[in-house]
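Dropping coords39.txt in here (compact mmCIF, C-alpha atoms and all ligand atoms):
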# COMPACT_ATOMS: atom_id res chain seq x y z
CA MET A 1185 0.00 0.00 0.00
CA ASN A 1186 1.51 3.36 -1.02
CA SER A 1187 1.65 6.17 1.50
CA PRO A 1188 1.38 9.78 0.27
CA ALA A 1189 5.08 10.28 1.10
CA ILE A 1190 6.00 7.41 -1.22
CA ASP A 1191 3.88 8.87 -4.00
CA LEU A 1192 5.70 12.17 -3.63
CA ASP A 1193 9.14 10.62 -3.50
CA TRP A 1194 9.36 7.96 -6.15
CA ARG A 1195 10.14 10.33 -9.02
CA ARG A 1196 13.13 11.75 -7.19
CA VAL A 1197 14.40 8.28 -6.26
CA HIS A 1198 13.86 7.00 -9.80
CA PHE A 1199 14.97 9.93 -11.96
CA ALA A 1200 17.44 11.79 -9.72
CA ASP A 1201 18.90 9.38 -7.17
CA SER A 1202 19.35 6.46 -9.60
CA THR A 1203 21.43 6.02 -12.76
CA ILE A 1204 19.28 3.45 -14.49
CA ILE A 1205 21.16 0.72 -16.32
CA ASP A 1206 19.43 -2.28 -17.89
CA LEU A 1207 21.90 -5.18 -18.07
CA HIS A 1208 20.16 -7.02 -20.89
CA ALA A 1209 17.72 -6.05 -23.64
CA HIS A 1210 17.49 -6.59 -27.39
CA PRO A 1211 16.58 -3.46 -29.37
CA GLY A 1212 18.98 -4.73 -32.05
CA LEU A 1213 16.78 -7.75 -32.84
CA LYS A 1214 13.83 -5.57 -33.75
CA ILE A 1215 15.99 -3.09 -35.64
CA SER A 1216 17.83 -5.74 -37.69
CA LEU A 1217 15.00 -8.20 -38.31
CA PHE A 1218 11.95 -5.96 -38.60
CA ASP A 1219 13.38 -2.57 -39.61
CA ARG A 1220 12.04 -0.96 -36.46
CA VAL A 1221 13.12 2.67 -36.08
CA PHE A 1222 14.88 3.24 -32.76
CA THR A 1223 13.32 6.66 -32.22
CA ALA A 1224 9.76 5.78 -33.30
CA PRO A 1225 7.14 5.26 -30.58
CA PHE A 1226 5.62 1.80 -30.48
CA HIS A 1227 2.72 0.84 -28.26
CA ALA A 1228 3.13 -2.59 -26.68
CA ASP A 1229 0.99 -4.34 -24.11
CA GLY A 1230 2.11 -7.31 -22.01
CA ALA A 1231 0.96 -9.93 -24.51
CA PHE A 1232 3.56 -11.93 -26.41
CA ASN A 1233 4.05 -10.22 -29.73
CA PRO A 1234 7.29 -10.98 -31.54
CA PHE A 1235 7.01 -7.84 -33.67
CA SER A 1236 6.59 -5.37 -30.79
CA PHE A 1237 9.38 -2.93 -29.90
CA ARG A 1238 9.62 -2.28 -26.17
CA SER A 1239 13.15 -0.91 -25.65
CA ASN A 1240 12.98 1.90 -28.21
CA TYR A 1241 14.28 5.40 -27.53
CA PRO A 1242 10.98 7.05 -26.46
CA ASN A 1243 10.30 4.24 -23.95
CA LEU A 1244 13.85 4.23 -22.58
CA ARG A 1245 13.73 8.01 -22.17
CA ARG A 1246 10.35 7.93 -20.42
CA GLY A 1247 11.56 5.13 -18.15
CA GLY A 1248 14.61 7.19 -17.14
CA VAL A 1249 17.18 4.76 -18.59
CA ALA A 1250 20.73 6.13 -18.67
CA ALA A 1251 22.43 3.11 -20.23
CA LEU A 1252 21.35 -0.11 -21.87
CA LEU A 1253 23.50 -3.17 -22.38
CA SER A 1254 22.22 -4.02 -25.80
CA ALA A 1255 22.54 -7.73 -26.47
CA ILE A 1256 23.15 -8.71 -30.09
CA TYR A 1257 21.74 -12.13 -30.87
CA ALA A 1258 22.26 -13.85 -34.20
CA PRO A 1259 19.17 -16.09 -34.27
CA GLU A 1260 20.19 -19.72 -33.95
CA ARG A 1261 19.20 -21.49 -37.14
CA GLN A 1262 18.05 -24.65 -35.38
CA ILE A 1263 15.01 -22.68 -34.20
CA VAL A 1264 13.80 -22.46 -37.79
CA LEU A 1265 15.22 -25.72 -39.11
CA GLN A 1266 14.35 -28.07 -36.22
CA GLU A 1267 12.26 -26.54 -33.45
CA ALA A 1268 9.57 -24.69 -35.36
CA PRO A 1269 9.58 -25.82 -38.98
CA ILE A 1270 6.56 -23.60 -39.53
CA LEU A 1271 9.03 -20.68 -39.45
CA LYS A 1272 10.45 -21.92 -42.76
CA ALA A 1273 7.58 -19.94 -44.24
CA LEU A 1274 9.70 -16.86 -43.52
CA ARG A 1275 11.62 -17.69 -46.65
CA MET A 1276 8.51 -16.84 -48.67
CA LEU A 1277 6.67 -14.45 -46.38
CA ARG A 1278 9.56 -12.39 -45.10
CA PRO A 1279 12.56 -13.03 -47.37
CA ARG A 1280 14.46 -10.12 -45.83
CA VAL A 1281 14.25 -11.70 -42.37
CA TRP A 1282 15.33 -15.03 -43.84
CA HIS A 1283 18.40 -13.46 -45.41
CA ALA A 1284 19.19 -11.52 -42.24
CA ILE A 1285 19.34 -14.85 -40.37
CA PHE A 1286 20.87 -17.20 -42.94
CA ASP A 1287 23.20 -15.08 -45.07
CA GLY A 1288 26.80 -15.94 -44.08
CA SER A 1289 28.25 -17.31 -40.85
CA TYR A 1290 26.95 -16.47 -37.38
CA PHE A 1291 30.01 -14.21 -37.08
CA ASP A 1292 28.89 -12.37 -40.24
CA VAL A 1293 25.31 -12.07 -39.02
CA ALA A 1294 26.30 -10.76 -35.57
CA ASN A 1295 28.67 -8.20 -37.08
CA ARG A 1296 25.94 -6.99 -39.45
CA MET A 1297 23.61 -6.61 -36.49
CA LEU A 1298 26.25 -4.58 -34.63
CA ASP A 1299 26.54 -2.38 -37.74
CA ASP A 1300 22.75 -2.00 -37.91
CA LEU A 1301 22.60 -0.89 -34.30
CA GLU A 1302 25.44 1.60 -34.77
CA ARG A 1303 23.56 3.10 -37.73
CA ALA A 1304 20.25 3.24 -35.87
CA VAL A 1305 21.84 4.96 -32.88
CA ALA A 1306 23.79 7.41 -35.05
CA ALA A 1307 20.48 8.42 -36.70
CA ALA A 1308 18.85 9.17 -33.34
CA ALA A 1309 19.03 12.96 -33.13
CA ASP A 1310 16.63 15.49 -31.68
CA PRO A 1311 14.80 16.88 -34.72
CA ALA A 1312 14.69 20.37 -33.19
CA THR A 1313 18.26 20.77 -31.92
CA GLY A 1314 20.17 18.07 -33.79
CA ARG A 1315 21.62 16.86 -30.48
CA PRO A 1316 22.25 13.10 -30.31
CA GLN A 1317 19.53 11.23 -28.42
CA ALA A 1318 21.64 8.11 -28.00
CA GLN A 1319 25.28 7.10 -28.40
CA VAL A 1320 27.12 3.81 -28.42
CA ALA A 1321 29.71 3.62 -25.62
CA HIS A 1322 32.52 1.42 -26.91
CA SER A 1323 34.63 1.62 -23.75
CA PRO A 1324 34.32 2.59 -20.09
CA ALA A 1325 35.85 5.98 -20.99
CA GLU A 1326 33.15 6.64 -23.59
CA LEU A 1327 30.48 5.59 -21.08
CA GLU A 1328 31.82 8.02 -18.46
CA ALA A 1329 31.90 10.82 -21.04
CA ILE A 1330 28.23 10.24 -21.90
CA LEU A 1331 27.11 10.00 -18.27
CA ALA A 1332 29.00 13.20 -17.41
CA GLN A 1333 26.77 15.21 -19.76
CA GLY A 1334 24.03 15.70 -17.17
CA SER A 1335 20.29 15.24 -17.38
CA SER A 1336 19.86 16.03 -21.09
CA ARG A 1337 22.56 13.53 -22.01
CA PRO A 1338 22.04 10.92 -24.72
CA ILE A 1339 21.16 7.38 -23.70
CA ALA A 1340 24.25 5.15 -23.74
CA LEU A 1341 24.03 1.83 -25.55
CA ILE A 1342 26.72 -0.74 -24.82
CA HIS A 1343 27.22 -3.69 -27.14
CA CYS A 1344 26.95 -7.21 -25.73
CA LEU A 1345 26.68 -10.58 -27.40
CA GLU A 1346 24.31 -13.38 -26.49
CA GLY A 1347 25.51 -16.87 -27.39
CA ALA A 1348 29.06 -17.88 -28.34
CA HIS A 1349 27.76 -19.31 -31.60
CA SER A 1350 28.45 -15.76 -32.82
CA LEU A 1351 32.18 -16.48 -32.49
CA ASN A 1352 31.79 -19.06 -35.26
CA SER A 1353 32.93 -17.72 -38.61
CA GLY A 1354 32.50 -20.86 -40.68
CA PRO A 1355 33.39 -24.52 -41.11
CA GLY A 1356 36.52 -25.89 -39.45
CA MET A 1357 36.59 -23.63 -36.43
CA THR A 1358 39.66 -23.95 -34.24
CA ALA A 1359 40.18 -22.64 -30.72
CA GLN A 1360 42.60 -20.13 -32.22
CA ARG A 1361 39.97 -18.69 -34.56
CA LEU A 1362 37.42 -18.56 -31.77
CA LEU A 1363 39.90 -16.54 -29.69
CA ALA A 1364 40.68 -14.22 -32.61
CA ASN A 1365 36.96 -13.63 -33.21
CA LEU A 1366 36.44 -12.98 -29.48
CA GLU A 1367 39.13 -10.30 -29.61
CA HIS A 1368 37.51 -8.80 -32.70
CA TYR A 1369 34.28 -8.27 -30.74
CA PHE A 1370 36.16 -6.93 -27.73
CA ARG A 1371 37.84 -4.32 -29.94
CA ARG A 1372 34.43 -3.40 -31.39
CA GLY A 1373 33.39 -2.47 -27.87
CA VAL A 1374 31.46 -5.58 -26.82
CA ALA A 1375 31.38 -5.45 -23.00
CA TYR A 1376 30.14 -8.96 -22.24
CA LEU A 1377 29.53 -12.29 -23.91
CA THR A 1378 26.72 -14.55 -22.72
CA LEU A 1379 28.52 -17.82 -23.35
CA ALA A 1380 25.55 -20.11 -23.86
CA HIS A 1381 22.16 -19.66 -25.47
CA PHE A 1382 19.53 -22.13 -26.68
CA PHE A 1383 21.72 -24.69 -28.45
CA GLU A 1384 25.09 -26.31 -27.86
CA ASN A 1385 27.88 -24.15 -29.28
CA ASP A 1386 31.68 -24.44 -29.64
CA LEU A 1387 32.22 -23.50 -26.00
CA VAL A 1388 29.43 -24.79 -23.80
CA HIS A 1389 26.13 -26.61 -23.27
CA PRO A 1390 22.89 -24.75 -22.49
CA CYS A 1391 19.91 -25.21 -20.15
CA PHE A 1392 16.40 -25.97 -21.38
CA PRO A 1393 15.37 -23.00 -23.48
CA TRP A 1394 11.62 -23.24 -23.82
CA PRO A 1395 8.89 -22.64 -21.28
CA GLU A 1396 6.36 -25.48 -21.24
CA ASN A 1397 3.59 -23.15 -22.26
CA ILE A 1398 5.09 -22.63 -25.72
CA GLN A 1399 5.72 -26.34 -26.39
CA LYS A 1400 2.63 -26.41 -28.55
CA PHE A 1401 1.86 -27.66 -32.01
CA GLY A 1402 4.88 -29.99 -31.94
CA CYS A 1403 7.25 -27.02 -31.67
CA PHE A 1404 10.07 -26.17 -29.26
CA ARG A 1405 10.31 -29.64 -27.73
CA SER A 1406 13.98 -30.56 -27.97
CA GLU A 1407 15.72 -32.00 -24.93
CA ARG A 1408 18.99 -30.79 -23.41
CA ASP A 1409 21.53 -32.74 -21.37
CA ILE A 1410 22.15 -30.40 -18.49
CA THR A 1411 24.79 -32.70 -16.99
CA LEU A 1412 27.16 -31.51 -19.75
CA GLY A 1413 29.24 -28.38 -19.16
CA LEU A 1414 32.08 -26.25 -20.44
CA LYS A 1415 34.20 -27.59 -23.33
CA PRO A 1416 38.00 -27.24 -23.65
CA ALA A 1417 37.60 -24.32 -26.10
CA GLY A 1418 35.24 -22.73 -23.58
CA GLU A 1419 37.93 -22.91 -20.90
CA GLN A 1420 40.36 -21.12 -23.23
CA VAL A 1421 37.83 -18.44 -24.14
CA VAL A 1422 36.93 -17.82 -20.47
CA GLU A 1423 40.62 -17.45 -19.65
CA ARG A 1424 41.11 -14.98 -22.52
CA MET A 1425 38.05 -12.99 -21.43
CA VAL A 1426 39.59 -12.58 -17.97
CA GLU A 1427 42.84 -11.37 -19.56
CA LEU A 1428 41.08 -8.92 -21.88
CA GLY A 1429 38.55 -7.61 -19.42
CA MET A 1430 35.55 -8.82 -21.37
CA LEU A 1431 32.78 -9.60 -18.91
CA ILE A 1432 31.48 -13.17 -18.67
CA ASP A 1433 27.71 -13.74 -18.53
CA LEU A 1434 26.73 -17.18 -17.25
CA SER A 1435 23.04 -16.92 -18.14
CA HIS A 1436 21.83 -20.00 -20.11
CA CYS A 1437 24.91 -22.09 -19.12
CA THR A 1438 24.18 -25.49 -17.56
CA PRO A 1439 24.80 -25.80 -13.80
CA PRO A 1440 28.05 -27.81 -14.31
CA ALA A 1441 29.33 -25.21 -16.79
CA ARG A 1442 28.60 -22.46 -14.26
CA GLN A 1443 30.35 -24.42 -11.50
CA ARG A 1444 33.45 -24.80 -13.67
CA ILE A 1445 33.52 -21.09 -14.52
CA TYR A 1446 33.25 -20.05 -10.84
CA ASP A 1447 36.28 -22.26 -10.20
CA ILE A 1448 38.31 -21.01 -13.19
CA VAL A 1449 37.64 -17.31 -12.60
CA GLY A 1450 37.50 -17.14 -8.82
CA GLN A 1451 37.95 -13.53 -7.82
CA ARG A 1452 39.94 -12.50 -10.89
CA ALA A 1453 36.97 -10.90 -12.70
CA PRO A 1454 33.40 -9.90 -11.80
CA LEU A 1455 30.99 -12.56 -13.06
CA LEU A 1456 27.51 -11.80 -14.37
CA MET A 1457 24.21 -13.55 -14.66
CA THR A 1458 22.40 -10.78 -16.48
CA HIS A 1459 18.80 -12.00 -16.83
CA VAL A 1460 17.67 -14.69 -14.39
CA GLY A 1461 15.35 -15.56 -11.51
CA ALA A 1462 16.15 -17.24 -8.19
CA TYR A 1463 16.35 -21.04 -7.91
CA ALA A 1464 15.12 -20.76 -4.31
CA ILE A 1465 11.85 -19.26 -5.62
CA ASN A 1466 11.60 -21.09 -8.94
CA PRO A 1467 13.74 -24.25 -8.90
CA ASP A 1468 14.61 -24.31 -12.58
CA PRO A 1469 18.18 -25.15 -13.63
CA TYR A 1470 18.25 -21.85 -15.55
CA ASN A 1471 18.20 -19.96 -12.24
CA PRO A 1472 21.21 -19.63 -9.89
CA GLN A 1473 21.13 -21.41 -6.54
CA ASP A 1474 22.01 -19.55 -3.35
CA TRP A 1475 25.58 -20.85 -3.23
CA GLU A 1476 26.04 -19.50 -6.76
CA LEU A 1477 24.78 -16.08 -5.75
CA ARG A 1478 27.51 -16.06 -3.11
CA ARG A 1479 30.18 -17.13 -5.62
CA ILE A 1480 29.09 -14.35 -8.00
CA ALA A 1481 29.21 -11.84 -5.13
CA ASP A 1482 32.69 -13.12 -4.16
CA SER A 1483 33.86 -12.44 -7.71
CA GLY A 1484 32.69 -8.82 -7.38
CA GLY A 1485 29.98 -9.47 -9.97
CA MET A 1486 26.19 -9.29 -9.99
CA VAL A 1487 22.91 -10.91 -10.97
CA GLY A 1488 20.21 -9.13 -12.97
CA VAL A 1489 16.53 -9.97 -12.45
CA ILE A 1490 14.69 -10.81 -15.67
CA PHE A 1491 11.25 -9.31 -16.36
CA MET A 1492 9.69 -12.59 -17.38
CA PRO A 1493 7.19 -14.26 -15.09
CA TYR A 1494 8.03 -17.73 -16.41
CA TRP A 1495 11.56 -17.73 -14.99
CA LEU A 1496 10.64 -15.86 -11.79
CA ALA A 1497 7.51 -17.60 -10.55
CA PRO A 1498 5.78 -19.55 -13.30
CA HIS A 1499 2.54 -20.10 -11.43
CA ALA A 1500 2.09 -16.51 -10.29
CA GLY A 1501 0.26 -15.46 -13.45
CA LYS A 1502 1.09 -12.79 -15.97
CA ARG A 1503 1.83 -9.96 -13.56
CA GLY A 1504 5.48 -9.44 -12.63
CA LEU A 1505 6.13 -6.59 -10.19
CA ASN A 1506 5.45 -8.82 -7.20
CA SER A 1507 7.82 -11.60 -8.25
CA ILE A 1508 10.48 -9.13 -9.42
CA ALA A 1509 10.44 -7.47 -5.97
CA GLN A 1510 10.45 -10.87 -4.25
CA THR A 1511 13.41 -12.05 -6.35
CA LEU A 1512 15.34 -8.83 -5.72
CA ARG A 1513 14.73 -9.25 -1.99
CA HIS A 1514 16.04 -12.80 -2.09
CA PHE A 1515 19.13 -11.84 -4.07
CA ILE A 1516 19.88 -9.05 -1.60
CA ASP A 1517 19.40 -11.35 1.39
CA VAL A 1518 21.80 -13.94 -0.04
CA ALA A 1519 24.33 -11.96 -2.10
CA GLY A 1520 24.13 -8.47 -0.57
CA SER A 1521 22.68 -5.33 -2.14
CA GLU A 1522 25.98 -4.58 -3.98
CA HIS A 1523 25.49 -7.56 -6.28
CA VAL A 1524 21.97 -7.18 -7.64
CA GLY A 1525 20.54 -5.41 -10.69
CA ILE A 1526 18.03 -5.54 -13.54
CA GLY A 1527 18.20 -7.34 -16.90
CA SER A 1528 14.77 -6.86 -18.46
CA ASP A 1529 15.30 -8.95 -21.62
CA PHE A 1530 12.84 -6.63 -23.39
CA ASP A 1531 12.64 -7.44 -27.11
CA GLY A 1532 14.30 -10.84 -26.65
CA PHE A 1533 11.11 -12.51 -27.95
CA THR A 1534 10.09 -12.73 -24.31
CA ASP A 1535 6.66 -12.39 -22.77
CA PRO A 1536 6.96 -9.40 -20.41
CA PRO A 1537 4.69 -8.94 -17.39
CA ASP A 1538 1.32 -7.27 -17.91
CA ASP A 1539 2.23 -4.69 -15.25
CA LEU A 1540 5.67 -3.94 -16.74
CA PRO A 1541 5.21 -4.30 -20.50
CA ASP A 1542 7.98 -2.00 -21.72
CA ALA A 1543 10.83 0.29 -20.68
CA SER A 1544 8.58 3.34 -20.26
CA HIS A 1545 7.00 1.78 -17.16
CA LEU A 1546 10.17 1.20 -15.11
CA GLY A 1547 9.04 3.81 -12.56
CA ARG A 1548 6.39 1.34 -11.42
CA LEU A 1549 9.13 -0.89 -10.06
CA THR A 1550 10.65 1.96 -8.06
CA GLN A 1551 7.22 2.70 -6.58
CA ARG A 1552 6.80 -0.95 -5.76
CA LEU A 1553 10.23 -1.27 -4.13
CA LEU A 1554 9.60 1.83 -1.98
CA ALA A 1555 6.27 0.35 -0.91
CA GLU A 1556 8.09 -2.88 0.00
CA ARG A 1557 10.50 -0.88 2.18
CA PHE A 1558 13.61 -1.25 0.06
CA THR A 1559 15.89 1.66 1.03
CA VAL A 1560 16.71 4.46 -1.40
CA GLN A 1561 20.31 3.28 -1.34
CA GLN A 1562 19.31 -0.29 -2.25
CA ILE A 1563 17.09 0.97 -5.05
CA SER A 1564 19.84 3.10 -6.57
CA GLN A 1565 22.27 0.18 -6.30
CA ILE A 1566 19.78 -2.11 -8.04
CA TRP A 1567 18.97 0.37 -10.79
CA GLY A 1568 22.53 1.08 -11.85
CA GLY A 1569 25.01 1.73 -9.06
CA ASN A 1570 26.13 -1.88 -9.11
CA ALA A 1571 26.21 -2.15 -12.90
CA LEU A 1572 28.36 0.95 -13.08
CA ARG A 1573 30.79 -0.50 -10.54
CA VAL A 1574 31.04 -3.79 -12.41
CA LEU A 1575 31.59 -2.04 -15.76
CA ARG A 1576 34.28 0.19 -14.27
CA GLN A 1577 35.96 -2.72 -12.54
CA GLY A 1578 35.64 -5.45 -15.13
CA TRP A 1579 35.37 -4.00 -18.65
CA GLY A 1580 38.81 -3.62 -20.19
CA ARG A 1581 42.16 -4.05 -18.52
CA GLN A 1582 45.12 -1.78 -18.25
CA GLY A 1583 46.96 -1.94 -21.56
CA VAL A 1584 44.04 -3.72 -23.25
CA SER A 1585 41.53 -1.11 -24.33
CA PRO A 1586 38.24 -1.98 -25.99
CA ALA A 1587 37.53 -0.01 -29.16
CA ARG A 1588 38.83 3.25 -30.63
ZN ZN B 1 18.78 -14.79 -22.84

As structure tokens:
Amino acid sequence: MNSPAIDLDWRRVHFADSTIIDLHAHPGLKISLFDRVFTAPFHADGAFNPFSFRSNYPNLRRGGVAALLSAIYAPERQIVLQEAPILKALRMLRPRVWHAIFDGSYFDVANRMLDDLERAVAAAADPATGRPQAQVAHSPAELEAILAQGSSRPIALIHCLEGAHSLNSGPGMTAQRLLANLEHYFRRGVAYLTLAHFFENDLVHPCFPWPENIQKFGCFRSERDITLGLKPAGEQVVERMVELGMLIDLSHCTPPARQRIYDIVGQRAPLLMTHVGAYAINPDPYNPQDWELRRIADSGGMVGVIFMPYWLAPHAGKRGLNSIAQTLRHFIDVAGSEHVGIGSDFDGFTDPPDDLPDASHLGRLTQRLLAERFTVQQISQIWGGNALRVLRQGWGRQGVSPAR
């Protein structure tokens, strides 16, 4: 129940006391696949709609977002070829989408998507003043320069990569080529790599990707062996990421892969799980267990809460604010408030909560957290204080500078 004082205060806490950073969203998917314009308004409700655009500039601005870790995802071709053969109709119905997905290697596709996002962001200028509305931050220094511009600053977008299949540049991949391609992305300004995604890749095995409620019509039914973990090439890539200062995101990795990475990395680099729920609330292997939350905290890293009811509390219905707050509370209790953040996964073909359908509504979460007696300090840590610390601490190393 909100008190009048809370109603008066939430705007200050949200827009002034917090630097809002979303650890994981996918504007690039909608820009590259569906030609969505980053600056164009798009109305979206909570219903699953693959063509909606929830993390566009007007929504991010209204939600008070300062920086977005924009995850580039080259769609895995098994989705079309094996999991949902009905999508083969794209070849006829949407040939442009088909070509965007199938033309060249995953490495080619991901690089084209990075180019698309750069172009979309460069075109985002205030029509009246010509001032940039958004900018890509290719390094911690560029991020600081954007944030230092005050309240009328552009929104910072930071490149990230979901799924190490995007390191694959064609047949006959060797560990050496994977490492060279990793460094290519790092120099382009990619801050983190989510090692796993839906399907086995050159580095690692993934968790189950599909919620039961979409296993309909014979689609999305493939099994995963979640006893399998990190491969030898994965060990080499993780080691190189620590050396470079490219952040490691463990989301989608199997539990044994995660265990191995905690052991390899230890306290040498801050580890991320950017868009997850809590195993203690929803015991799904996708979600980190409490001992993992402590290992991530020990590394100096953080966990981001996903805005997707299925992973948070699958039987709680389509509303999300309650389970997001509950998950944040659990993460804070176990890992400490310095190790918790937000990774909405907007535009990742997810099914966002009815009460938090797009980035323009983020203020609702601040109101909710105040009502649940989270402190202002905890709220500002959750919204971006922790993400900023992790980026400063873990992105790039002395003598190894990402980008330009
Ligand atoms: Zn994901």

Please find the residues contacting ligand ZN 1 (chain B) at a distance of at most 9 Å between atoms, with all atoms listed in the file counted, and report them as a ChimeraX atom specification.
/A:1208-1209,1255,1257,1346-1347,1378,1380-1382,1393,1435-1436,1458-1460,1529,1532

May I have the centre and edge lengths, in Å to one decimal, of an axis-aligned box around the listed atoms of segment 1317-1327 of chain A with 6 Å added to every side, as lines of an AutoDock Vina configuration file?
center_x = 27.7
center_y = 6.3
center_z = -24.3
size_x = 28.3
size_y = 21.8
size_z = 20.3

Restricting the calculation to only C-alpha atoms: of A:Val1305, A:Gln1262, A:Ala1519, A:Glu1476, which residue gets closest to Ser1406 of chain A?
A:Gln1262

Counting all atoms listed in the file, the option among A:Ser1236, A:Ser1216, A:Gln1443, A:Ser1336 closest to Met1297 of chain A:
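Of A:Ser1236, A:Ser1216, A:Gln1443, A:Ser1336, the one nearest Met1297 of chain A is A:Ser1216, counting all atoms listed in the file.
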
What is the distance, in Å and to one decimal place, between atom CA of Ala1462 of chain A and atom CA of Leu1512 of chain A?
8.8 Å

Using all atoms listed in the file, pick whichever of A:Phe1533, A:Phe1222, A:Tyr1369, A:Phe1232 has the shortest atom-to-atom distance to Leu1341 of chain A.
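Selected residue with least distance to Leu1341 of chain A: A:Phe1222.
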
Within 10 Å of Ala1340 of chain A, counting only C-alpha atoms, which residues qualify if same-chain residues fewer than 3 places away don't, as a count of residues only?
22

Compare A:Val1426, A:Tyr1446, A:His1523, A:Phe1530 by their minimum atom-to-atom distance to Gly1568 of chain A, counting all atoms listed in the file, and give me the closest one.
A:His1523

Between atom CA of Arg1238 of chain A and atom CA of Phe1226 of chain A, what is the spacing in Å?
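Pair atom CA of Phe1226 of chain A / atom CA of Arg1238 of chain A returns 7.2 Å.
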
With distances taken over only C-alpha atoms, which of A:Ser1564, A:Ile1445, A:Thr1411, A:Ile1339 is nearest to Asn1240 of chain A?
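Of A:Ser1564, A:Ile1445, A:Thr1411, A:Ile1339, the one nearest Asn1240 of chain A is A:Ile1339, counting only C-alpha atoms.
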
Please indicate the distance in Å from atom CA of Ile1563 of chain A to atom CA of Gly1248 of chain A, rounded to one decimal place.
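Those two atoms sit 13.8 Å apart.
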
Which residue gives the smallest distance to Val1574 of chain A among A:Trp1495, A:Arg1503, A:His1545, A:Met1486, with only C-alpha atoms counted?
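That would be A:Met1486, the residue with the smallest distance to Val1574 of chain A.
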
If you count only C-alpha atoms, which residues fall within 9 Å of Val1489 of chain A, apart from same-chain ones fewer than 3 positions away, as a ChimeraX atom specification?
/A:1457-1462,1492,1496,1508,1511-1512,1515,1524-1528

Those residues you just picked out, can you put them in a file as a PDB file, in the coordinates of the input with C-alpha atoms?
ATOM      1  CA  MET A1457      24.210 -13.550 -14.660  1.00  0.00           C
ATOM      2  CA  THR A1458      22.400 -10.780 -16.480  1.00  0.00           C
ATOM      3  CA  HIS A1459      18.800 -12.000 -16.830  1.00  0.00           C
ATOM      4  CA  VAL A1460      17.670 -14.690 -14.390  1.00  0.00           C
ATOM      5  CA  GLY A1461      15.350 -15.560 -11.510  1.00  0.00           C
ATOM      6  CA  ALA A1462      16.150 -17.240  -8.190  1.00  0.00           C
ATOM      7  CA  MET A1492       9.690 -12.590 -17.380  1.00  0.00           C
ATOM      8  CA  LEU A1496      10.640 -15.860 -11.790  1.00  0.00           C
ATOM      9  CA  ILE A1508      10.480  -9.130  -9.420  1.00  0.00           C
ATOM     10  CA  THR A1511      13.410 -12.050  -6.350  1.00  0.00           C
ATOM     11  CA  LEU A1512      15.340  -8.830  -5.720  1.00  0.00           C
ATOM     12  CA  PHE A1515      19.130 -11.840  -4.070  1.00  0.00           C
ATOM     13  CA  VAL A1524      21.970  -7.180  -7.640  1.00  0.00           C
ATOM     14  CA  GLY A1525      20.540  -5.410 -10.690  1.00  0.00           C
ATOM     15  CA  ILE A1526      18.030  -5.540 -13.540  1.00  0.00           C
ATOM     16  CA  GLY A1527      18.200  -7.340 -16.900  1.00  0.00           C
ATOM     17  CA  SER A1528      14.770  -6.860 -18.460  1.00  0.00           C
TER      18      SER A1528
END
